[in-house]
Structures are given as structure tokens and as C-alpha cells.
Amino acid sequence: MIEADISRLETRLRELKVQYDMFFNGATQREPFELRSDVERLIKRYSNAPIRKYAQRFHFNSLVSRFNSLSELWAKTVRAMEEGDRPAPGANERGPTEKVLTTCRIHDPVQEQELLRFLHSRFLEARRKMGEDNGKVGFTDFVRGVASQAKNLRKKSGCEEIELRLIVVDRKVHLRARPGR
């Protein structure tokens with residue numbers, strides 16, 4: 001009986017890994033909770049029970065160890081999806097995904113220095129987190145860049161207000177401007 005349960009545990013663990021891979025790649029919409037609870041039930045049944053044969057005990061312990069390491073990996077991946085560091089299953093993965101960090105609206109970049117200081121600090125912080133800390137962008141250069149984007153955008157669209165968006169695309173931080181609505 002124990003040999004059959006260990007074999008079933010091994011099979012279920014393999015199926016569970018496949019199900020989670022399908023979930024993370026967007027093929028299924030839900031985590032495989034039922035299969036996971038079945039695997040956990042099998043593990044609990046024999047965790048405190050004495051297994052007399054050394055080979056069976058070793059095989060069971062190695063399967064439990066594998067399940068624990070996979071569980072940690074799955075939890076980290078799900079957490080990353082919830083925090084937005086990884087696209088959710090079923091998300092449009094054809095093009096690069098972008099994550100909006102901050103948005104703000106400005107009329108005149110030269111007059112709204114306080115708002116731009118806040119945006120500049122968020123920009124530098126995001127670049128540092130993404131590992132792009134090479135060559136810091138000074139505040140005056142930042143304002144100059146925003147002002148030139150605003151000028152070009154006003155010329156093209158005739159808008160008064162500019163919306164600035166601090167976004168991350170493929171782990172690179174960008175500041176994008178578009179006409180305010």
C-alpha cells in the first residue's frame with residue numbers, strides 16, 4: 001500500500017508541475033488547487049507515519065523535498081504576478097508589457113518645479129531598482145528634456161496640458177509624454 005501511494009505521489013507531483021507550468025504560461029486561468037490539495041494530503045498521511053523500508057523512506061523524503069522547493073517557486077511566481085513584475089496569465093504577450101509607475105499632468109515644466117522634482121526622484125529610484133544606475137540624469141537635464149517633449153507635443157497636438165507617464169518596459173524605465181485629456 002505504501003509503495004502504491006509513493007508512486008501515486010510521484011505521478012501527482014509531475015502532473016502538478018505541468019499544471020502550474022500551464023497556468024504560468026496562460027493556458028489555464030486558475031491555479032491547480034484541487035490537485036495540489038491531493039498532493040498535500042498524501043504528504044501529510046505519511047509525514048509522521050513510520051516507513052520501515054529505507055528505500056521507500058528515502059524516495060518519499062525526496063518527493064517531499066521536491067514538492068517543497070516547487071511550492072516556494074510557485075509562490076514567488078504568483079507573488080510576482082500579483083505585484084505586476086510578471087504578466088498575468090492570459091495577458092497580451094505579443095508585444096512588450098508596460099507597467100505605469102506614476103502619472104502627472106503639467107502645463108508649464110519651468111513653472112512646476114516641485115512636481116518635476118518629485119517625478120525626477122521617482123525616475124531615479126525606478127532606474128536604480130531596475131539596475132540602470134549608470135550615468136545619473138541631473139534635474140536640470142531632466143527638466144530640459146521634459147520641456148522639449150512638451151514643446152514638441154504642443155506643436156503637434158495644440159494641447160495646453162501634458163500628461164507625463166513614468167513607465168517600465170522590458171525592465172527599462174522611460175518617461176513618456178502625451179497630450180492631456
# chains A, B, ... in the order shown; residues from 1 in each chain; ligands from 1

$ residues_around --residues "Tyr20 (chain A)" --least-positions-apart "3" --cutoff "10 Å" --atoms "only C-alpha atoms" --output "PyMOL selection string"
chain A and resi 15-17+23-28+30-33+36+70+74

$ select_by_dssp --residues "chain A" --states "strand (DSSP E or B)" --output "number ranges by chain"
A: 98-106, 162-169, 172-179

$ closest_residue --among "A:Asp38, A:Glu82, A:Glu114, A:Asp21" --to "Phe139 (chain A)" --atoms "only C-alpha atoms"
A:Glu114

$ select_by_dssp --residues "region 42-79 of chain A" --states "helix (DSSP H, G or I)" --output "PyMOL selection string"
chain A and resi 42-47+54-79

$ decode --residues "region 113-162 of chain A" --atoms "N, CA and C atoms" --output "compact mmCIF listing (two decimals), in the first residue's frame"
# COMPACT_ATOMS: atom_id res chain seq x y z
N GLN A 113 8.19 73.25 -10.88
CA GLN A 113 9.44 72.59 -10.45
C GLN A 113 9.22 71.55 -9.35
N GLU A 114 8.31 71.82 -8.42
CA GLU A 114 8.11 70.89 -7.30
C GLU A 114 7.58 69.55 -7.78
N LEU A 115 6.63 69.59 -8.69
CA LEU A 115 6.08 68.36 -9.25
C LEU A 115 7.14 67.60 -10.05
N LEU A 116 7.95 68.33 -10.79
CA LEU A 116 9.01 67.70 -11.57
C LEU A 116 10.11 67.13 -10.67
N ARG A 117 10.37 67.76 -9.52
CA ARG A 117 11.35 67.20 -8.58
C ARG A 117 10.86 65.84 -8.06
N PHE A 118 9.59 65.77 -7.74
CA PHE A 118 9.02 64.50 -7.29
C PHE A 118 9.14 63.45 -8.40
N LEU A 119 8.79 63.82 -9.62
CA LEU A 119 8.86 62.89 -10.75
C LEU A 119 10.31 62.47 -11.02
N HIS A 120 11.23 63.41 -10.90
CA HIS A 120 12.65 63.11 -11.10
C HIS A 120 13.15 62.12 -10.05
N SER A 121 12.76 62.30 -8.80
CA SER A 121 13.20 61.37 -7.76
C SER A 121 12.62 59.98 -7.99
N ARG A 122 11.37 59.89 -8.42
CA ARG A 122 10.76 58.59 -8.74
C ARG A 122 11.46 57.94 -9.94
N PHE A 123 11.85 58.77 -10.91
CA PHE A 123 12.56 58.29 -12.09
C PHE A 123 13.90 57.67 -11.71
N LEU A 124 14.67 58.38 -10.88
CA LEU A 124 15.98 57.86 -10.45
C LEU A 124 15.83 56.61 -9.60
N GLU A 125 14.84 56.60 -8.72
CA GLU A 125 14.60 55.44 -7.86
C GLU A 125 14.23 54.22 -8.69
N ALA A 126 13.38 54.40 -9.69
CA ALA A 126 12.98 53.29 -10.56
C ALA A 126 14.16 52.78 -11.37
N ARG A 127 15.00 53.68 -11.86
CA ARG A 127 16.18 53.26 -12.62
C ARG A 127 17.14 52.46 -11.74
N ARG A 128 17.29 52.90 -10.49
CA ARG A 128 18.16 52.19 -9.56
C ARG A 128 17.62 50.78 -9.31
N LYS A 129 16.31 50.65 -9.12
CA LYS A 129 15.71 49.34 -8.87
C LYS A 129 15.85 48.41 -10.06
N MET A 130 15.84 48.96 -11.25
CA MET A 130 15.96 48.15 -12.46
C MET A 130 17.41 47.91 -12.86
N GLY A 131 18.34 48.45 -12.09
CA GLY A 131 19.75 48.24 -12.38
C GLY A 131 20.29 49.14 -13.48
N GLU A 132 19.63 50.26 -13.72
CA GLU A 132 20.06 51.20 -14.76
C GLU A 132 20.77 52.40 -14.15
N ASP A 133 21.48 52.21 -13.09
CA ASP A 133 22.06 53.34 -12.37
C ASP A 133 23.25 53.97 -13.07
N ASN A 134 23.57 53.51 -14.26
CA ASN A 134 24.74 54.05 -14.97
C ASN A 134 24.43 55.43 -15.52
N GLY A 135 25.19 56.42 -15.10
CA GLY A 135 25.03 57.79 -15.59
C GLY A 135 23.75 58.44 -15.11
N LYS A 136 23.77 59.02 -13.92
CA LYS A 136 22.57 59.64 -13.37
C LYS A 136 22.15 60.84 -14.21
N VAL A 137 20.86 61.05 -14.30
CA VAL A 137 20.31 62.18 -15.03
C VAL A 137 20.09 63.30 -14.02
N GLY A 138 20.73 64.42 -14.26
CA GLY A 138 20.58 65.56 -13.37
C GLY A 138 19.22 66.20 -13.52
N PHE A 139 18.81 66.96 -12.50
CA PHE A 139 17.48 67.56 -12.52
C PHE A 139 17.33 68.57 -13.65
N THR A 140 18.36 69.38 -13.90
CA THR A 140 18.24 70.39 -14.97
C THR A 140 18.11 69.72 -16.34
N ASP A 141 18.87 68.65 -16.56
CA ASP A 141 18.73 67.91 -17.82
C ASP A 141 17.35 67.27 -17.93
N PHE A 142 16.84 66.78 -16.82
CA PHE A 142 15.52 66.17 -16.79
C PHE A 142 14.45 67.19 -17.17
N VAL A 143 14.52 68.39 -16.57
CA VAL A 143 13.54 69.45 -16.87
C VAL A 143 13.68 69.89 -18.33
N ARG A 144 14.91 69.99 -18.80
CA ARG A 144 15.13 70.38 -20.19
C ARG A 144 14.50 69.36 -21.15
N GLY A 145 14.66 68.07 -20.85
CA GLY A 145 14.06 67.02 -21.67
C GLY A 145 12.54 67.06 -21.64
N VAL A 146 11.98 67.27 -20.47
CA VAL A 146 10.51 67.37 -20.34
C VAL A 146 10.00 68.58 -21.10
N ALA A 147 10.70 69.71 -20.98
CA ALA A 147 10.27 70.93 -21.66
C ALA A 147 10.30 70.75 -23.18
N SER A 148 11.33 70.08 -23.70
CA SER A 148 11.39 69.89 -25.15
C SER A 148 10.29 68.92 -25.61
N GLN A 149 10.02 67.88 -24.82
CA GLN A 149 8.91 66.98 -25.17
C GLN A 149 7.59 67.72 -25.15
N ALA A 150 7.40 68.56 -24.14
CA ALA A 150 6.15 69.32 -24.03
C ALA A 150 6.00 70.29 -25.21
N LYS A 151 7.08 70.95 -25.57
CA LYS A 151 7.04 71.90 -26.70
C LYS A 151 6.66 71.18 -28.00
N ASN A 152 7.32 70.04 -28.27
CA ASN A 152 7.01 69.28 -29.48
C ASN A 152 5.59 68.76 -29.49
N LEU A 153 5.12 68.32 -28.33
CA LEU A 153 3.76 67.78 -28.22
C LEU A 153 2.72 68.89 -28.41
N ARG A 154 2.99 70.06 -27.86
CA ARG A 154 2.07 71.19 -28.04
C ARG A 154 2.01 71.60 -29.51
N LYS A 155 3.17 71.56 -30.17
CA LYS A 155 3.22 71.93 -31.58
C LYS A 155 2.40 70.95 -32.43
N LYS A 156 2.53 69.66 -32.12
CA LYS A 156 1.83 68.63 -32.91
C LYS A 156 0.34 68.60 -32.63
N SER A 157 -0.03 68.66 -31.35
CA SER A 157 -1.44 68.44 -30.99
C SER A 157 -2.20 69.70 -30.61
N GLY A 158 -1.49 70.77 -30.28
CA GLY A 158 -2.16 72.01 -29.88
C GLY A 158 -2.77 71.95 -28.50
N CYS A 159 -2.32 71.03 -27.66
CA CYS A 159 -2.89 70.87 -26.32
C CYS A 159 -2.23 71.85 -25.35
N GLU A 160 -2.94 72.14 -24.28
CA GLU A 160 -2.42 73.01 -23.22
C GLU A 160 -1.72 72.19 -22.14
N GLU A 161 -2.30 71.05 -21.80
CA GLU A 161 -1.82 70.25 -20.69
C GLU A 161 -1.10 69.01 -21.24
N ILE A 162 -0.02 68.62 -20.58
CA ILE A 162 0.77 67.45 -20.96
C ILE A 162 0.68 66.41 -19.85
